[in-house]
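One structure below.
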Amino acid sequence: MNTFAFRLFILLSITSLLFSCGKNGANKVDDGKPAVILKTQQLSDKSSFTMSGGERCTITADASIDFPVNTADGMAVDSLQRLYAAYVLESGDSLSLQEAMRQVVANSMHQYDFMQEPVDKNETDEGEGLTTVKYATSTRVTPIYNKHGVVTFERVDVVKKNDKVTSVTHRYYSFDVETQTFIDVNRLFRDDAIADVCQLLRQQLLKQNNASGNEQLNDMGYFNVENIMVTSNFYFDDKGVTWSYLPNELAVEAVGEPRITIPYDELKDYLCDESVINKLV
């Protein structure tokens, strides 16, 4: 190899290396590195009262909440904590993060304040001549994605009546740690592409259920599939974006919470400028 060819080879090799680092390394420079550092807060409360028919009602509420306290680089997360309290904990602007966490338990307790009439005795426990109705609520908030500058929290709320689960809901909230902003659908896709993503969701739902059309999905308990929406209740993983639908939102309660996953590769044509998804792939 002559001198000119050798120098050209070295130059092209360096250029290729720099380009590779710039294109891929910039997105995944933090591979394996958590976007935020977390702490856990445990809270609980309990109360009881006598209902109008003489029955006793006991209510317990527990919460285990993982919340951000810092970024991996040691940056403050004040703005992120305020967004976390507003979205994940559903608190007002006037509450601090600690107050918002306590409010989660308080809200669980107070949802039964309206109860005045006795419940069906067939659903209660008998003990020493007294009928006791037991309600228990639990809230668990955990990160299910925490890398590449993005953190997604899963909030699971469970309600039990006399030790029997009566309600379970999963909600998801994602945040861009670098900009300390909430990630909604507009941070992912172009406005003119939303309808196409809805169509992808419908097609994937058919595929997941081995259904040939809406009628088959209707027979399975799904409804209004032709008008399926791209909601903000989604989460990220290493393969794609998963949308989760609450009970009675896309299907009857017996079906539970349908989840539809679209791989990143199938979404690439619909991304908006500076889409958060570009950080994850």
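For the structure tokens, the naming scheme is as follows: chains receive sequential letters (A, B, ...) according to their order of presentation, residues are indexed from 1 within each chain, and ligands are indexed from 1 in presentation order.
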query = Near A:Tyr173, within 12 Å and counting only C-alpha atoms, which residues show up once chain neighbours fewer than 2 positions away are dropped, as a VMD selection string?
reply = chain A and resid 80 83 to 90 141 to 146 150 to 156 170 to 171 175 to 176 181 to 185 231 to 236 243 to 244
Residues within 12 Å of stretch 211-217 of chain A, only C-alpha atoms, excluding chain neighbours under 4 positions, as a JSON list (two decimals) with N, CA and C atoms, in the first residue's frame:
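What ended up in part.json:
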[["chain", "number", "residue", "atom", "x", "y", "z"],
["A", 202, "ARG", "N", -54.45, -0.90, 16.26],
["A", 202, "ARG", "CA", -55.57, -1.79, 15.90],
["A", 202, "ARG", "C", -55.05, -3.07, 15.25],
["A", 203, "GLN", "N", -54.12, -2.94, 14.31],
["A", 203, "GLN", "CA", -53.57, -4.10, 13.63],
["A", 203, "GLN", "C", -52.86, -5.04, 14.60],
["A", 204, "GLN", "N", -52.11, -4.45, 15.54],
["A", 204, "GLN", "CA", -51.39, -5.26, 16.51],
["A", 204, "GLN", "C", -52.35, -5.96, 17.47],
["A", 205, "LEU", "N", -53.44, -5.27, 17.84],
["A", 205, "LEU", "CA", -54.44, -5.90, 18.72],
["A", 205, "LEU", "C", -55.07, -7.10, 18.03],
["A", 206, "LEU", "N", -55.38, -6.98, 16.74],
["A", 206, "LEU", "CA", -55.89, -8.12, 15.97],
["A", 206, "LEU", "C", -54.88, -9.26, 15.97],
["A", 207, "LYS", "N", -53.61, -8.92, 15.74],
["A", 207, "LYS", "CA", -52.57, -9.94, 15.68],
["A", 207, "LYS", "C", -52.39, -10.64, 17.02],
["A", 221, "GLY", "N", -64.79, -9.50, 23.96],
["A", 221, "GLY", "CA", -65.01, -8.51, 25.00],
["A", 221, "GLY", "C", -64.47, -7.14, 24.69],
["A", 222, "TYR", "N", -63.86, -6.95, 23.53],
["A", 222, "TYR", "CA", -63.37, -5.64, 23.13],
["A", 222, "TYR", "C", -64.51, -4.84, 22.50],
["A", 223, "PHE", "N", -64.42, -3.53, 22.60],
["A", 223, "PHE", "CA", -65.44, -2.68, 21.99],
["A", 223, "PHE", "C", -64.81, -1.41, 21.42],
["A", 224, "ASN", "N", -65.49, -0.84, 20.43],
["A", 224, "ASN", "CA", -65.05, 0.43, 19.83],
["A", 224, "ASN", "C", -63.60, 0.36, 19.33],
["A", 225, "VAL", "N", -63.21, -0.82, 18.84],
["A", 225, "VAL", "CA", -61.83, -1.01, 18.40],
["A", 225, "VAL", "C", -61.48, -0.11, 17.22],
["A", 226, "GLU", "N", -62.46, 0.15, 16.35],
["A", 226, "GLU", "CA", -62.18, 0.98, 15.17],
["A", 226, "GLU", "C", -61.79, 2.41, 15.56],
["A", 227, "ASN", "N", -62.13, 2.81, 16.80],
["A", 227, "ASN", "CA", -61.79, 4.15, 17.27],
["A", 227, "ASN", "C", -60.72, 4.12, 18.36],
["A", 228, "ILE", "N", -59.87, 3.11, 18.33],
["A", 228, "ILE", "CA", -58.81, 3.00, 19.33],
["A", 228, "ILE", "C", -57.93, 4.24, 19.32],
["A", 250, "LEU", "N", -61.13, -0.11, 26.77],
["A", 250, "LEU", "CA", -61.05, -0.73, 25.46],
["A", 250, "LEU", "C", -61.78, -2.07, 25.43],
["A", 251, "ALA", "N", -61.97, -2.64, 26.61],
["A", 251, "ALA", "CA", -62.61, -3.96, 26.71],
["A", 251, "ALA", "C", -63.38, -4.04, 28.03],
["A", 252, "VAL", "N", -64.27, -5.00, 28.12],
["A", 252, "VAL", "CA", -65.05, -5.18, 29.34],
["A", 252, "VAL", "C", -64.12, -5.53, 30.49],
["A", 255, "VAL", "N", -61.95, -8.70, 30.76],
["A", 255, "VAL", "CA", -60.73, -8.82, 29.95],
["A", 255, "VAL", "C", -59.52, -8.27, 30.69],
["A", 258, "PRO", "N", -55.99, -4.46, 28.65],
["A", 258, "PRO", "CA", -55.27, -4.86, 27.43],
["A", 258, "PRO", "C", -53.99, -4.04, 27.26]]
Counting only C-alpha atoms, the residue of A:Val159, A:Ala35, A:Val104, A:Leu43 that sits nearest A:Ile59 =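 Using only C-alpha atoms, A:Ile59 sits closest to A:Val159.
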query = Using the chain letters and numbers from this document, which residues of stretch 63-209 of chain A does DSSP assign to helix (DSSP H, G or I), as an MDAnalysis selection string?
reply = chainID A and resid 78:87 97:110 121:123 185:187 191:208
key: Nearest candidate to A:Leu201 (options A:Ala63, A:Val241, A:Cys272, A:Val105; using only C-alpha atoms)   =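 Among the listed residues, A:Val241 lies closest to A:Leu201.
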task = Record the distance separating atom CA of A:Val230 and atom CA of A:Val197, expressed in Å with one decimal.
result = 7.2 Å
query = Of the residues A:Glu249, A:Asp269, A:Asp66, A:Asp93, which is the one nearest to A:Ala193, using only C-alpha atoms?
reply =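 Nearest to A:Ala193: A:Asp269.
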request  = Please identify which residues in stretch 157-255 of chain A DSSP calls strand (DSSP E or B) from the backbone, and express them as an MDAnalysis selection string.
outcome  = chainID A and resid 157:161 164:176 181:182 189 222 234:236 240:244 251
Could you list, with a cut-off of 10 Å and counting only C-alpha atoms, the residues of stretch 125-231 of chain A near stretch 108-112 of chain A, each shown with its nearest atom pair and the distance in Å rounded to one decimal, rows sorted by chain and ascending number, as CSV?
residue,atom,partner,partner_atom,distance
A:Tyr135,CA,A:Tyr112,CA,9.0
A:Ala136,CA,A:Ser108,CA,9.0
A:Thr137,CA,A:Ser108,CA,6.6
A:Ser138,CA,A:Ser108,CA,8.4
A:Thr139,CA,A:Ser108,CA,9.0
A:Asp157,CA,A:Ser108,CA,9.8
A:Val159,CA,A:Ser108,CA,9.4
